[in-house]
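Coordinates from structure-v3.cif are shown below (mmCIF, C-alpha atoms and all ligand atoms).
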```cif
data_coords
loop_
_atom_site.label_atom_id
_atom_site.label_comp_id
_atom_site.auth_asym_id
_atom_site.auth_seq_id
_atom_site.Cartn_x
_atom_site.Cartn_y
_atom_site.Cartn_z
CA MET A 20 -21.75 50.91 -142.76
CA LYS A 21 -20.00 53.27 -140.38
CA ILE A 22 -17.55 55.94 -141.52
CA PHE A 23 -15.00 57.64 -139.26
CA ASN A 24 -12.72 60.43 -140.43
CA ASP A 25 -9.10 60.95 -139.34
CA PHE A 26 -9.21 57.68 -137.43
CA SER A 27 -6.47 56.20 -135.21
CA LEU A 28 -5.33 52.70 -136.26
CA LYS A 29 -3.70 51.99 -132.88
CA HIS A 30 -6.20 49.24 -132.11
CA TYR A 31 -6.11 47.90 -135.67
CA ASN A 32 -2.47 46.85 -135.82
CA THR A 33 -0.87 44.37 -133.43
CA PHE A 34 2.37 46.38 -133.28
CA GLY A 35 0.17 48.92 -131.46
CA LEU A 36 1.42 51.85 -133.56
CA ASN A 37 -0.56 55.04 -133.36
CA TYR A 38 -0.90 56.10 -136.98
CA ASN A 39 -4.04 57.61 -138.45
CA CYS A 40 -5.92 57.01 -141.66
CA ALA A 41 -7.91 59.64 -143.56
CA ALA A 42 -11.12 57.58 -143.28
CA PHE A 43 -12.07 54.26 -141.72
CA ILE A 44 -15.12 52.38 -142.96
CA GLU A 45 -16.66 49.52 -141.06
CA VAL A 46 -18.46 47.29 -143.54
CA GLU A 47 -21.37 45.61 -141.77
CA PHE A 48 -22.74 43.57 -144.71
CA ALA A 49 -20.76 42.21 -147.66
CA GLU A 50 -23.20 43.79 -150.15
CA GLU A 51 -22.33 47.29 -148.85
CA ILE A 52 -18.94 47.13 -150.55
CA TYR A 53 -20.71 47.65 -153.87
CA SER A 54 -22.04 51.10 -152.90
CA ILE A 55 -18.81 51.96 -151.02
CA ASN A 56 -16.90 51.30 -154.23
CA LYS A 57 -19.28 53.50 -156.21
CA MET A 58 -19.14 56.26 -153.63
CA PHE A 59 -15.35 56.33 -153.20
CA GLU A 60 -14.16 54.85 -156.54
CA LEU A 61 -11.78 52.56 -154.70
CA SER A 62 -9.94 51.43 -157.83
CA GLU A 63 -8.74 55.04 -158.18
CA THR A 64 -8.48 55.98 -154.50
CA GLU A 65 -5.79 54.89 -152.09
CA HIS A 66 -7.31 52.24 -149.85
CA LEU A 67 -6.44 49.32 -147.62
CA ILE A 68 -8.47 46.42 -146.29
CA ILE A 69 -7.65 45.67 -142.69
CA GLY A 70 -8.66 42.75 -140.49
CA GLN A 71 -6.89 42.85 -137.14
CA GLY A 72 -3.69 44.29 -138.59
CA SER A 73 -1.71 41.32 -137.29
CA ASN A 74 0.37 41.12 -140.45
CA ILE A 75 0.92 44.83 -141.13
CA LEU A 76 3.65 47.30 -140.18
CA PHE A 77 2.65 50.95 -140.60
CA THR A 78 5.56 53.36 -141.00
CA LYS A 79 3.43 56.48 -141.45
CA ASP A 80 -0.14 57.73 -141.44
CA PHE A 81 -2.25 56.13 -144.15
CA ASP A 82 -3.53 58.88 -146.38
CA GLY A 83 -6.47 56.92 -147.74
CA ILE A 84 -9.53 54.86 -146.88
CA VAL A 85 -9.24 51.84 -144.61
CA ILE A 86 -11.96 49.21 -144.99
CA HIS A 87 -12.67 46.81 -142.16
CA PRO A 88 -15.21 43.96 -142.37
CA THR A 89 -17.39 43.34 -139.31
CA PHE A 90 -19.82 40.84 -140.90
CA ASN A 91 -18.92 37.52 -139.32
CA ASN A 92 -21.60 34.87 -139.80
CA PHE A 93 -20.80 31.34 -140.77
CA SER A 94 -23.02 28.51 -141.88
CA MET A 95 -22.92 24.96 -143.10
CA LYS A 96 -23.27 24.78 -146.89
CA SER A 97 -23.47 21.00 -147.19
CA GLN A 98 -21.99 17.75 -145.99
CA ASP A 99 -21.17 14.27 -147.21
CA ASN A 100 -19.79 11.17 -145.53
CA ASN A 101 -16.31 12.63 -145.17
CA PHE A 102 -16.59 16.39 -145.02
CA LEU A 103 -18.61 19.26 -143.69
CA TYR A 104 -18.55 22.37 -145.88
CA LEU A 105 -18.68 25.76 -144.11
CA GLU A 106 -18.97 29.26 -145.51
CA VAL A 107 -17.35 31.81 -143.22
CA GLU A 108 -17.69 35.57 -143.60
CA ALA A 109 -14.61 37.80 -143.69
CA GLY A 110 -15.06 39.40 -140.27
CA LYS A 111 -15.12 36.11 -138.32
CA ASN A 112 -12.32 35.84 -135.79
CA TRP A 113 -10.05 33.07 -137.05
CA ASP A 114 -9.20 31.54 -133.68
CA GLU A 115 -12.88 31.37 -132.72
CA LEU A 116 -13.57 29.48 -135.93
CA VAL A 117 -10.78 26.99 -135.13
CA ARG A 118 -12.15 26.43 -131.62
CA TYR A 119 -15.65 25.96 -133.00
CA SER A 120 -14.53 23.30 -135.49
CA VAL A 121 -12.41 21.54 -132.87
CA GLY A 122 -15.41 21.56 -130.51
CA LYS A 123 -17.34 19.63 -133.18
CA ASN A 124 -14.41 17.21 -133.64
CA LEU A 125 -13.90 18.43 -137.20
CA GLY A 126 -10.36 18.33 -138.56
CA GLY A 127 -8.24 20.42 -140.90
CA ILE A 128 -7.56 23.68 -139.08
CA GLU A 129 -6.85 22.58 -135.50
CA ASN A 130 -3.09 23.24 -135.87
CA LEU A 131 -3.88 26.81 -136.94
CA VAL A 132 -5.14 27.63 -133.45
CA SER A 133 -4.11 30.95 -131.82
CA ILE A 134 -3.25 32.63 -135.12
CA PRO A 135 -4.55 36.19 -134.76
CA GLY A 136 -6.64 37.81 -137.46
CA LEU A 137 -9.91 37.46 -139.31
CA ALA A 138 -11.08 34.72 -141.66
CA GLY A 139 -11.04 37.09 -144.66
CA ALA A 140 -7.29 37.57 -144.32
CA ALA A 141 -6.48 33.88 -143.86
CA PRO A 142 -6.15 33.05 -147.60
CA ILE A 143 -4.06 36.18 -148.35
CA GLN A 144 -0.81 34.68 -147.14
CA ASN A 145 -2.13 31.11 -146.93
CA ILE A 146 -1.75 31.02 -143.16
CA GLY A 147 0.09 28.01 -141.87
CA ALA A 148 1.47 26.51 -138.70
CA TYR A 149 2.56 23.14 -137.33
CA GLY A 150 2.14 21.29 -140.62
CA GLN A 151 -1.26 22.65 -141.69
CA GLU A 152 -2.03 25.41 -144.18
CA ILE A 153 -5.37 26.93 -145.01
CA LYS A 154 -4.89 26.02 -148.68
CA ASP A 155 -5.60 22.40 -147.76
CA VAL A 156 -9.15 23.17 -146.60
CA ILE A 157 -10.15 26.07 -148.85
CA GLU A 158 -12.76 25.21 -151.47
CA PHE A 159 -13.74 28.70 -152.65
CA VAL A 160 -12.84 32.32 -151.94
CA HIS A 161 -15.59 34.90 -152.53
CA PHE A 162 -14.46 38.46 -153.18
CA PHE A 163 -15.44 41.82 -154.59
CA ASP A 164 -13.39 43.15 -157.50
CA PHE A 165 -12.95 46.94 -157.23
CA ASN A 166 -12.02 47.42 -160.91
CA ASP A 167 -14.85 45.35 -162.38
CA ASN A 168 -17.26 46.41 -159.63
CA ILE A 169 -18.64 42.88 -159.20
CA PHE A 170 -18.53 39.96 -156.79
CA LYS A 171 -16.44 37.01 -157.98
CA VAL A 172 -15.53 33.58 -156.72
CA PHE A 173 -12.29 31.64 -157.12
CA HIS A 174 -11.89 27.92 -156.72
CA ASN A 175 -8.88 26.81 -154.68
CA ARG A 176 -6.74 26.25 -157.81
CA GLN A 177 -7.28 29.81 -159.01
CA CYS A 178 -5.96 31.22 -155.72
CA ARG A 179 -2.38 30.08 -156.57
CA PHE A 180 -1.60 29.21 -152.99
CA ASP A 181 2.02 28.80 -152.09
CA TYR A 182 4.15 29.10 -148.96
CA ARG A 183 2.84 32.29 -147.24
CA ASN A 184 1.57 33.45 -150.58
CA SER A 185 -1.41 33.55 -152.93
CA ILE A 186 -2.73 35.48 -155.90
CA PHE A 187 -4.34 37.85 -153.35
CA LYS A 188 -0.90 38.87 -152.05
CA GLN A 189 0.43 39.30 -155.61
CA GLU A 190 -1.55 40.33 -158.74
CA LEU A 191 -4.77 41.00 -156.84
CA LYS A 192 -3.19 42.86 -153.92
CA ASN A 193 -5.41 45.85 -153.00
CA LYS A 194 -7.66 45.13 -156.00
CA ILE A 195 -10.15 42.90 -154.21
CA PHE A 196 -12.02 42.55 -150.94
CA ILE A 197 -12.46 38.98 -149.69
CA THR A 198 -16.01 38.69 -148.35
CA SER A 199 -16.12 35.00 -147.37
CA ILE A 200 -14.28 31.71 -147.59
CA GLU A 201 -15.65 28.21 -148.05
CA ILE A 202 -13.74 25.49 -146.24
CA LYS A 203 -14.15 21.74 -145.95
CA LEU A 204 -13.51 20.09 -142.62
CA LYS A 205 -12.91 16.39 -142.07
CA LYS A 206 -15.50 14.43 -140.12
CA ASN A 207 -13.05 11.66 -139.24
CA PRO A 208 -9.83 13.59 -138.82
CA THR A 209 -6.34 12.17 -138.43
CA PRO A 210 -4.36 14.67 -136.36
CA VAL A 211 -1.14 16.07 -137.82
CA ILE A 212 1.48 15.78 -135.08
CA ASP A 213 4.81 15.47 -136.87
CA TYR A 214 5.77 19.10 -136.82
CA GLY A 215 7.85 20.89 -134.15
CA ASN A 216 7.60 19.47 -130.65
CA VAL A 217 3.91 18.50 -130.86
CA LYS A 218 4.62 14.76 -130.56
CA ASP A 219 6.95 15.26 -127.57
CA GLU A 220 4.42 17.43 -125.77
CA LEU A 221 1.64 14.89 -126.38
CA PHE A 222 3.92 12.17 -125.04
CA LYS A 223 4.76 14.24 -121.95
CA SER A 224 1.03 14.68 -121.33
CA GLY A 225 0.51 10.92 -121.60
CA ILE A 226 -1.76 11.23 -124.66
CA LYS A 227 -1.38 8.19 -126.92
CA ASN A 228 -4.23 8.57 -129.43
CA PRO A 229 -4.72 12.32 -129.66
CA SER A 230 -8.01 13.84 -130.78
CA VAL A 231 -8.09 17.12 -132.72
CA ASN A 232 -8.98 18.74 -129.42
CA ASP A 233 -5.81 17.35 -127.77
CA VAL A 234 -3.61 18.55 -130.64
CA CYS A 235 -5.26 21.95 -130.66
CA ASN A 236 -4.74 22.38 -126.91
CA ILE A 237 -1.12 21.24 -127.07
CA ILE A 238 -0.33 23.65 -129.92
CA ALA A 239 -2.14 26.52 -128.18
CA ASN A 240 0.04 25.87 -125.09
CA ILE A 241 3.26 25.65 -127.10
CA ARG A 242 2.42 28.94 -128.82
CA GLU A 243 1.47 30.65 -125.58
CA ASN A 244 4.85 29.72 -124.09
CA LYS A 245 6.84 30.66 -127.17
CA LEU A 246 5.20 33.72 -128.72
CA PRO A 247 4.49 37.13 -127.23
CA SER A 248 0.84 38.08 -127.00
CA PRO A 249 0.22 41.30 -128.98
CA LYS A 250 -2.02 42.34 -126.06
CA GLU A 251 1.13 42.55 -123.93
CA ILE A 252 3.95 43.29 -126.40
CA GLY A 253 3.34 44.72 -129.86
CA ASN A 254 4.35 42.35 -132.66
CA ALA A 255 3.13 40.83 -135.92
CA GLY A 256 4.28 37.24 -135.45
CA SER A 257 7.08 36.05 -137.73
CA PHE A 258 8.55 39.10 -139.37
CA PHE A 259 10.34 37.16 -142.13
CA LYS A 260 9.51 34.14 -144.26
CA ASN A 261 11.74 31.10 -143.99
CA PRO A 262 14.06 31.42 -147.00
CA ILE A 263 14.12 28.75 -149.68
CA VAL A 264 17.48 28.05 -151.32
CA SER A 265 18.76 25.70 -154.01
CA ASN A 266 20.42 22.39 -153.13
CA SER A 267 23.79 23.71 -154.26
CA LYS A 268 23.51 26.83 -152.09
CA PHE A 269 22.53 24.61 -149.16
CA GLU A 270 25.53 22.29 -149.69
CA GLU A 271 27.79 25.34 -149.73
CA LEU A 272 26.29 26.61 -146.45
CA LYS A 273 26.57 23.19 -144.86
CA LYS A 274 30.35 23.25 -145.28
CA SER A 275 30.58 26.29 -142.99
CA TYR A 276 27.62 25.43 -140.76
CA PRO A 277 27.33 21.62 -140.43
CA ASP A 278 24.50 22.01 -137.86
CA ILE A 279 22.25 24.07 -140.16
CA PRO A 280 18.63 22.90 -139.83
CA PHE A 281 16.56 22.43 -142.99
CA PHE A 282 13.39 21.04 -144.60
CA GLU A 283 13.25 19.67 -148.13
CA VAL A 284 10.47 21.41 -150.03
CA GLY A 285 10.91 20.27 -153.61
CA GLU A 286 13.31 18.42 -155.82
CA ASN A 287 15.97 21.06 -155.73
CA GLN A 288 14.83 23.31 -152.92
CA ILE A 289 15.59 23.56 -149.25
CA LYS A 290 13.84 25.70 -146.67
CA ILE A 291 16.03 27.07 -143.87
CA PRO A 292 14.46 28.35 -140.63
CA ALA A 293 14.90 32.13 -140.58
CA ALA A 294 14.90 31.96 -136.77
CA TRP A 295 18.11 29.90 -136.89
CA LEU A 296 19.80 32.39 -139.23
CA ILE A 297 18.77 35.29 -136.98
CA GLU A 298 19.99 33.54 -133.85
CA LYS A 299 23.30 32.59 -135.52
CA SER A 300 23.75 36.25 -136.48
CA GLY A 301 23.58 37.25 -132.82
CA PHE A 302 20.14 38.84 -132.99
CA LYS A 303 18.28 36.52 -130.61
CA GLY A 304 16.90 38.65 -127.78
CA LYS A 305 18.77 41.71 -129.09
CA VAL A 306 17.24 45.02 -128.01
CA LYS A 307 17.81 48.35 -129.69
CA GLY A 308 15.96 51.29 -128.19
CA ASN A 309 12.26 50.48 -128.29
CA VAL A 310 12.63 47.49 -130.59
CA GLY A 311 14.07 43.99 -130.36
CA THR A 312 13.69 40.35 -131.25
CA TYR A 313 11.65 38.27 -128.82
CA HIS A 314 13.96 36.38 -126.44
CA LYS A 315 12.15 33.06 -127.01
CA GLN A 316 11.59 33.40 -130.76
CA PRO A 317 13.99 35.65 -132.70
CA LEU A 318 11.80 35.62 -135.81
CA VAL A 319 9.38 37.88 -133.95
CA ILE A 320 10.28 41.56 -133.82
CA VAL A 321 8.67 43.33 -130.89
CA ASN A 322 7.72 46.89 -130.01
CA PHE A 323 8.59 47.42 -126.35
CA GLY A 324 6.16 50.29 -126.16
CA ASN A 325 7.13 53.48 -127.88
CA ALA A 326 8.72 52.42 -131.14
CA SER A 327 7.84 54.14 -134.39
CA GLY A 328 7.13 52.09 -137.50
CA ASN A 329 10.41 53.24 -139.00
CA GLU A 330 12.38 52.17 -135.94
CA ILE A 331 10.92 48.67 -136.36
CA LEU A 332 11.64 48.70 -140.09
CA ASP A 333 15.24 49.90 -139.59
CA PHE A 334 15.82 47.10 -137.09
CA ALA A 335 14.35 44.55 -139.51
CA ASN A 336 16.60 45.88 -142.27
CA GLU A 337 19.62 45.59 -139.99
CA ILE A 338 18.83 41.90 -139.50
CA LYS A 339 18.35 41.44 -143.25
CA THR A 340 21.70 43.05 -144.05
CA LYS A 341 23.57 41.00 -141.44
CA ILE A 342 22.11 37.76 -142.77
CA PHE A 343 22.87 38.66 -146.35
CA VAL A 344 26.48 39.47 -145.48
CA GLU A 345 26.94 36.37 -143.34
CA PHE A 346 25.03 33.75 -145.34
CA GLY A 347 24.38 35.30 -148.77
CA ILE A 348 20.63 34.82 -148.17
CA GLU A 349 18.11 37.58 -148.74
CA LEU A 350 15.31 37.40 -146.19
CA GLU A 351 11.86 38.39 -147.40
CA SER A 352 9.36 40.10 -145.08
CA GLU A 353 6.24 38.14 -144.26
CA VAL A 354 4.69 41.28 -142.78
CA ASN A 355 3.10 43.83 -145.14
CA ILE A 356 5.00 47.12 -144.81
CA LEU A 357 3.11 50.35 -145.42
C1 LIG E 1 1.43 36.64 -132.45
C2 LIG E 1 1.21 36.35 -133.92
C3 LIG E 1 1.34 35.06 -134.38
C4 LIG E 1 1.14 34.76 -135.74
N1 LIG E 1 1.26 33.48 -136.15
C5 LIG E 1 1.07 33.16 -137.45
C6 LIG E 1 1.21 31.81 -137.91
O1 LIG E 1 1.48 30.90 -137.13
N2 LIG E 1 1.00 31.57 -139.22
C7 LIG E 1 0.67 32.54 -140.11
O2 LIG E 1 0.49 32.23 -141.30
N3 LIG E 1 0.53 33.83 -139.71
C8 LIG E 1 0.72 34.16 -138.41
N4 LIG E 1 0.59 35.47 -138.00
C9 LIG E 1 0.27 36.52 -138.98
C10 LIG E 1 -1.22 36.90 -139.05
O3 LIG E 1 -1.90 36.56 -137.89
C11 LIG E 1 -1.94 36.28 -140.25
O4 LIG E 1 -1.31 36.65 -141.45
C12 LIG E 1 -3.42 36.68 -140.32
O5 LIG E 1 -4.07 35.94 -141.33
C13 LIG E 1 -3.61 38.17 -140.57
O6 LIG E 1 -4.99 38.47 -140.34
P1 LIG E 1 -5.48 39.96 -140.13
O7 LIG E 1 -6.98 39.92 -140.11
O8 LIG E 1 -4.84 40.54 -138.94
O9 LIG E 1 -4.98 40.64 -141.46
P2 LIG E 1 -4.28 42.10 -141.65
O10 LIG E 1 -2.99 42.09 -140.93
O11 LIG E 1 -5.30 43.11 -141.23
O12 LIG E 1 -4.08 42.11 -143.18
C14 LIG E 1 -3.06 41.33 -143.78
C15 LIG E 1 -3.09 41.56 -145.30
O13 LIG E 1 -4.30 41.04 -145.83
C16 LIG E 1 -5.09 42.07 -146.46
N5 LIG E 1 -6.48 41.77 -146.09
C17 LIG E 1 -6.98 41.57 -144.84
N6 LIG E 1 -8.28 41.24 -144.91
C18 LIG E 1 -8.63 41.25 -146.22
C19 LIG E 1 -9.84 41.00 -146.93
N7 LIG E 1 -10.99 40.67 -146.31
N8 LIG E 1 -9.83 41.12 -148.29
C20 LIG E 1 -8.69 41.46 -148.95
N9 LIG E 1 -7.52 41.71 -148.33
C21 LIG E 1 -7.48 41.60 -146.97
C22 LIG E 1 -4.57 43.36 -145.88
O14 LIG E 1 -4.78 44.45 -146.76
C23 LIG E 1 -3.10 43.04 -145.69
O15 LIG E 1 -2.39 43.18 -146.91
C24 LIG E 1 0.79 35.80 -136.65
C25 LIG E 1 0.65 37.12 -136.16
C26 LIG E 1 0.85 37.39 -134.81
C27 LIG E 1 0.68 38.79 -134.31
#
```

The structure in this file should be written as structure tokens.
Amino acid sequence: MKIFNDFSLKHYNTFGLNYNCAAFIEVEFAEEIYSINKMFELSETEHLIIGQGSNILFTKDFDGIVIHPTFNNFSMKSQDNNFLYLEVEAGKNWDELVRYSVGKNLGGIENLVSIPGLAGAAPIQNIGAYGQEIKDVIEFVHFFDFNDNIFKVFHNRQCRFDYRNSIFKQELKNKIFITSIEIKLKKNPTPVIDYGNVKDELFKSGIKNPSVNDVCNIIANIRENKLPSPKEIGNAGSFFKNPIVSNSKFEELKKSYPDIPFFEVGENQIKIPAAWLIEKSGFKGKVKGNVGTYHKQPLVIVNFGNASGNEILDFANEIKTKIFVEFGIELESEVNIL
């Protein structure tokens, strides 16, 4: 392990904010977390696990210990006629893993291409994009429990995956350290192309029977054209979750906004794109000082260079208030605010 005191987190959050933490520990082997926990009594000490910080907004210095996994091996556990089972350590770059599996013509995570972050963080909010979610490929999540001081493993069902949510973002938040995930990838994949403009883009490219590689490339291109790269403009992807409302609330909204887009998500539940609500409220491309919404995707709040965490948070709260007043909908942050 490597320990750094009074460490800048500028390169460990994709908003690019220059806040410090009291100590930063690079964990080089999963087993080290056991002695780190003994040494620093993490269940009693303020701490935070950080991957690439692509889903975190810091609003101040972090007066505690930040733990960052660098162990990043992955290996095949087993295979059968239909699936190949991989165990992936927490520090593995997620996008690299997607590209690896696509290169082997394995299916299940190809639509999750270009999502920043590390594999250990992927189950936390059940990452999802273009009709795929990690919950559909997760078999097991291995983690260290700071209170019980032991390694544990959860089967998929125990993770309570939901839309941008899991037990790790709720009851177990800050109580565990995910050390690896086990995923199953399809050997004879059927690409998922029904979401967004994937089908149209495949058609435009003249691809009739797309492989996982084709779908992955198309989605990577769509994302590149639509989303700002954190290397160029600080951001944490979608700032808010898409709100889910009841049928009756939706019917009420439809009377005032007949063009409101929606997805049915359950018997009595409707998901409304937060981007549409933000755009309708006049916030698309809006700039305020050092902060704004991205001109091509209003769900993304960007740091134009010198914003503070609180400036970003105030701007996000302004959007929330406007949407509540206009639509009676309370937006929930997808980004973890610290
Ligand atoms: C440009 C951009 C596009 C994005 N697109 C998408 C998208 O399409 N879909 C999507 O779902 N998300 C998207 N995101 C959000 C983000 O990339 C994901 O949530 C990603 O999984 C976060 O990974 P990370 O390593 O950066 O985690 P961090 O931001 O470092 O951490 C996120 C949370 O997980 C906890 N955590 C991290 N690692 C561990 C661990 N090993 N054990 C326990 N807790 C841990 C942290 O404490 C924190 O609460 C996007 C972000 C950006 C910047």

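Atom to atom, CA of Asn101 in chain A and CA of Arg179 in chain A stand 25.1 Å apart.
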
For chain A against ligand LIG 1 (chain E), with a cut-off of 6 Å and counting all atoms listed in the file, what is the closest atom pair and its distance in Å to one decimal for every residue that makes the cut, ordered by chain and number, as JSON lines?
```
{"residue": "A:Thr33", "atom": "CA", "partner": "E:LIG1", "partner_atom": "C27", "distance": 5.9}
{"residue": "A:Leu67", "atom": "CA", "partner": "E:LIG1", "partner_atom": "O14", "distance": 5.2}
{"residue": "A:Ile68", "atom": "CA", "partner": "E:LIG1", "partner_atom": "O14", "distance": 4.2}
{"residue": "A:Ile69", "atom": "CA", "partner": "E:LIG1", "partner_atom": "O11", "distance": 3.8}
{"residue": "A:Gly70", "atom": "CA", "partner": "E:LIG1", "partner_atom": "O7", "distance": 3.3}
{"residue": "A:Gln71", "atom": "CA", "partner": "E:LIG1", "partner_atom": "O8", "distance": 3.6}
{"residue": "A:Gly72", "atom": "CA", "partner": "E:LIG1", "partner_atom": "O10", "distance": 3.3}
{"residue": "A:Ser73", "atom": "CA", "partner": "E:LIG1", "partner_atom": "O8", "distance": 3.6}
{"residue": "A:Asn74", "atom": "CA", "partner": "E:LIG1", "partner_atom": "O10", "distance": 3.5}
{"residue": "A:Ile75", "atom": "CA", "partner": "E:LIG1", "partner_atom": "O10", "distance": 4.8}
{"residue": "A:Ala109", "atom": "CA", "partner": "E:LIG1", "partner_atom": "N7", "distance": 5.3}
{"residue": "A:Ile134", "atom": "CA", "partner": "E:LIG1", "partner_atom": "N1", "distance": 4.7}
{"residue": "A:Pro135", "atom": "CA", "partner": "E:LIG1", "partner_atom": "O3", "distance": 4.1}
{"residue": "A:Gly136", "atom": "CA", "partner": "E:LIG1", "partner_atom": "O6", "distance": 3.4}
{"residue": "A:Leu137", "atom": "CA", "partner": "E:LIG1", "partner_atom": "O7", "distance": 3.9}
{"residue": "A:Gly139", "atom": "CA", "partner": "E:LIG1", "partner_atom": "N7", "distance": 3.9}
{"residue": "A:Ala140", "atom": "CA", "partner": "E:LIG1", "partner_atom": "N6", "distance": 3.8}
{"residue": "A:Ala141", "atom": "CA", "partner": "E:LIG1", "partner_atom": "O5", "distance": 4.1}
{"residue": "A:Ile143", "atom": "CA", "partner": "E:LIG1", "partner_atom": "O13", "distance": 5.5}
{"residue": "A:Ile146", "atom": "CA", "partner": "E:LIG1", "partner_atom": "O2", "distance": 3.2}
{"residue": "A:Gly147", "atom": "CA", "partner": "E:LIG1", "partner_atom": "O2", "distance": 4.3}
{"residue": "A:Ala148", "atom": "CA", "partner": "E:LIG1", "partner_atom": "O1", "distance": 4.7}
{"residue": "A:Ile195", "atom": "CA", "partner": "E:LIG1", "partner_atom": "C20", "distance": 5.6}
{"residue": "A:Phe196", "atom": "CA", "partner": "E:LIG1", "partner_atom": "N8", "distance": 3.7}
{"residue": "A:Ile197", "atom": "CA", "partner": "E:LIG1", "partner_atom": "N8", "distance": 3.7}
{"residue": "A:Thr198", "atom": "CA", "partner": "E:LIG1", "partner_atom": "N7", "distance": 5.8}
{"residue": "A:Ser248", "atom": "CA", "partner": "E:LIG1", "partner_atom": "C1", "distance": 5.7}
{"residue": "A:Pro249", "atom": "CA", "partner": "E:LIG1", "partner_atom": "C27", "distance": 5.9}
{"residue": "A:Asn254", "atom": "CA", "partner": "E:LIG1", "partner_atom": "C27", "distance": 5.4}
{"residue": "A:Ala255", "atom": "CA", "partner": "E:LIG1", "partner_atom": "C27", "distance": 3.6}
{"residue": "A:Gly256", "atom": "CA", "partner": "E:LIG1", "partner_atom": "C26", "distance": 3.5}
{"residue": "A:Asn355", "atom": "CA", "partner": "E:LIG1", "partner_atom": "O15", "distance": 5.8}
```

Can I get the selected residues back with C-alpha atoms, as a JSON list (two decimals), in the frame of the given file?
```
[["chain", "number", "residue", "atom", "x", "y", "z"],
["A", 33, "THR", "CA", -0.87, 44.37, -133.43],
["A", 67, "LEU", "CA", -6.44, 49.32, -147.62],
["A", 68, "ILE", "CA", -8.47, 46.42, -146.29],
["A", 69, "ILE", "CA", -7.65, 45.67, -142.69],
["A", 70, "GLY", "CA", -8.66, 42.75, -140.49],
["A", 71, "GLN", "CA", -6.89, 42.85, -137.14],
["A", 72, "GLY", "CA", -3.69, 44.29, -138.59],
["A", 73, "SER", "CA", -1.71, 41.32, -137.29],
["A", 74, "ASN", "CA", 0.37, 41.12, -140.45],
["A", 75, "ILE", "CA", 0.92, 44.83, -141.13],
["A", 109, "ALA", "CA", -14.61, 37.80, -143.69],
["A", 134, "ILE", "CA", -3.25, 32.63, -135.12],
["A", 135, "PRO", "CA", -4.55, 36.19, -134.76],
["A", 136, "GLY", "CA", -6.64, 37.81, -137.46],
["A", 137, "LEU", "CA", -9.91, 37.46, -139.31],
["A", 139, "GLY", "CA", -11.04, 37.09, -144.66],
["A", 140, "ALA", "CA", -7.29, 37.57, -144.32],
["A", 141, "ALA", "CA", -6.48, 33.88, -143.86],
["A", 143, "ILE", "CA", -4.06, 36.18, -148.35],
["A", 146, "ILE", "CA", -1.75, 31.02, -143.16],
["A", 147, "GLY", "CA", 0.09, 28.01, -141.87],
["A", 148, "ALA", "CA", 1.47, 26.51, -138.70],
["A", 195, "ILE", "CA", -10.15, 42.90, -154.21],
["A", 196, "PHE", "CA", -12.02, 42.55, -150.94],
["A", 197, "ILE", "CA", -12.46, 38.98, -149.69],
["A", 198, "THR", "CA", -16.01, 38.69, -148.35],
["A", 248, "SER", "CA", 0.84, 38.08, -127.00],
["A", 249, "PRO", "CA", 0.22, 41.30, -128.98],
["A", 254, "ASN", "CA", 4.35, 42.35, -132.66],
["A", 255, "ALA", "CA", 3.13, 40.83, -135.92],
["A", 256, "GLY", "CA", 4.28, 37.24, -135.45],
["A", 355, "ASN", "CA", 3.10, 43.83, -145.14]]
```

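Going from CA of Glu45 in chain A to CA of Lys21 in chain A covers 5.1 Å.
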
If we count only C-alpha atoms and set the cut-off at 8 Å, which residues sit around Ser352 in chain A, ignoring sequence neighbours fewer than 3 positions away in its own chain? Please answer as a CSV table (one decimal) with C-alpha atoms, in the frame of the given file.
```csv
chain,number,residue,atom,x,y,z
A,258,PHE,CA,8.6,39.1,-139.4
A,259,PHE,CA,10.3,37.2,-142.1
A,260,LYS,CA,9.5,34.1,-144.3
A,355,ASN,CA,3.1,43.8,-145.1
```

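Candidate residues A:Leu204, A:Ile241, A:Leu318, A:Ala294 were compared for distance to Asn100 in chain A, and the nearest is A:Leu204, using all atoms listed in the file.
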
Asn216 in chain A environment, 10 Å, only C-alpha atoms, sequence neighbours closer than 6 positions dropped, as a PyMOL selection string: chain A and resi 149+222+237-238+241

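When all atoms listed in the file are used to measure the gap to Gly126 in chain A, the shortest distance among A:Asn325, A:Asn232, A:Thr312, A:Ser265 belongs to A:Asn232.
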
In Å and to one decimal, CA of Lys205 in chain A is distant from CA of Ile157 in chain A by 12.1 Å

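Comparing A:Val121, A:Val231, A:Ile128, A:Leu296 by their smallest distance to Asn261 in chain A, the closest is A:Leu296 (using only C-alpha atoms).
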
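Residues with at least one atom no more than 7 Å from (-15.3, 16.6, -144.8), using only C-alpha atoms, are Gln98, Asp99, Asn101, Phe102, Leu103, Tyr104, Lys203, Leu204, Lys205 and Lys206 of chain A.
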
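Compared by their closest atoms to Tyr276 in chain A, and using all atoms listed in the file, the residues A:Glu351, A:Asp181, A:Asp167, A:Glu345 rank with A:Glu345 nearest.
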
Please provide as number ranges by chain all residues within 12 Å of range 46-62 of chain A, with the sequence filter that same-chain residues fewer than 3 positions apart are discarded (counting only C-alpha atoms). A: 20-23, 42-43, 65-70, 83-92, 107-111, 139, 161-170, 191-199

I want to know what sits within 6 Å of Phe26 in chain A, based on all atoms listed in the file, with residues of the same chain fewer than 2 positions away left out; could you give that as a PyMOL selection string? chain A and resi 24+39-40

Find the residues around Val117 in chain A up to 10 Å (all atoms listed in the file counted), leave out those fewer than 5 positions away in its own chain, and share them as a list in words. Asn112, Gly122, Leu125, Gly126, Gly127, Ile128, Glu129, Asn130, Leu131, Val132, Ser133, Ile134 and Cys235 of chain A
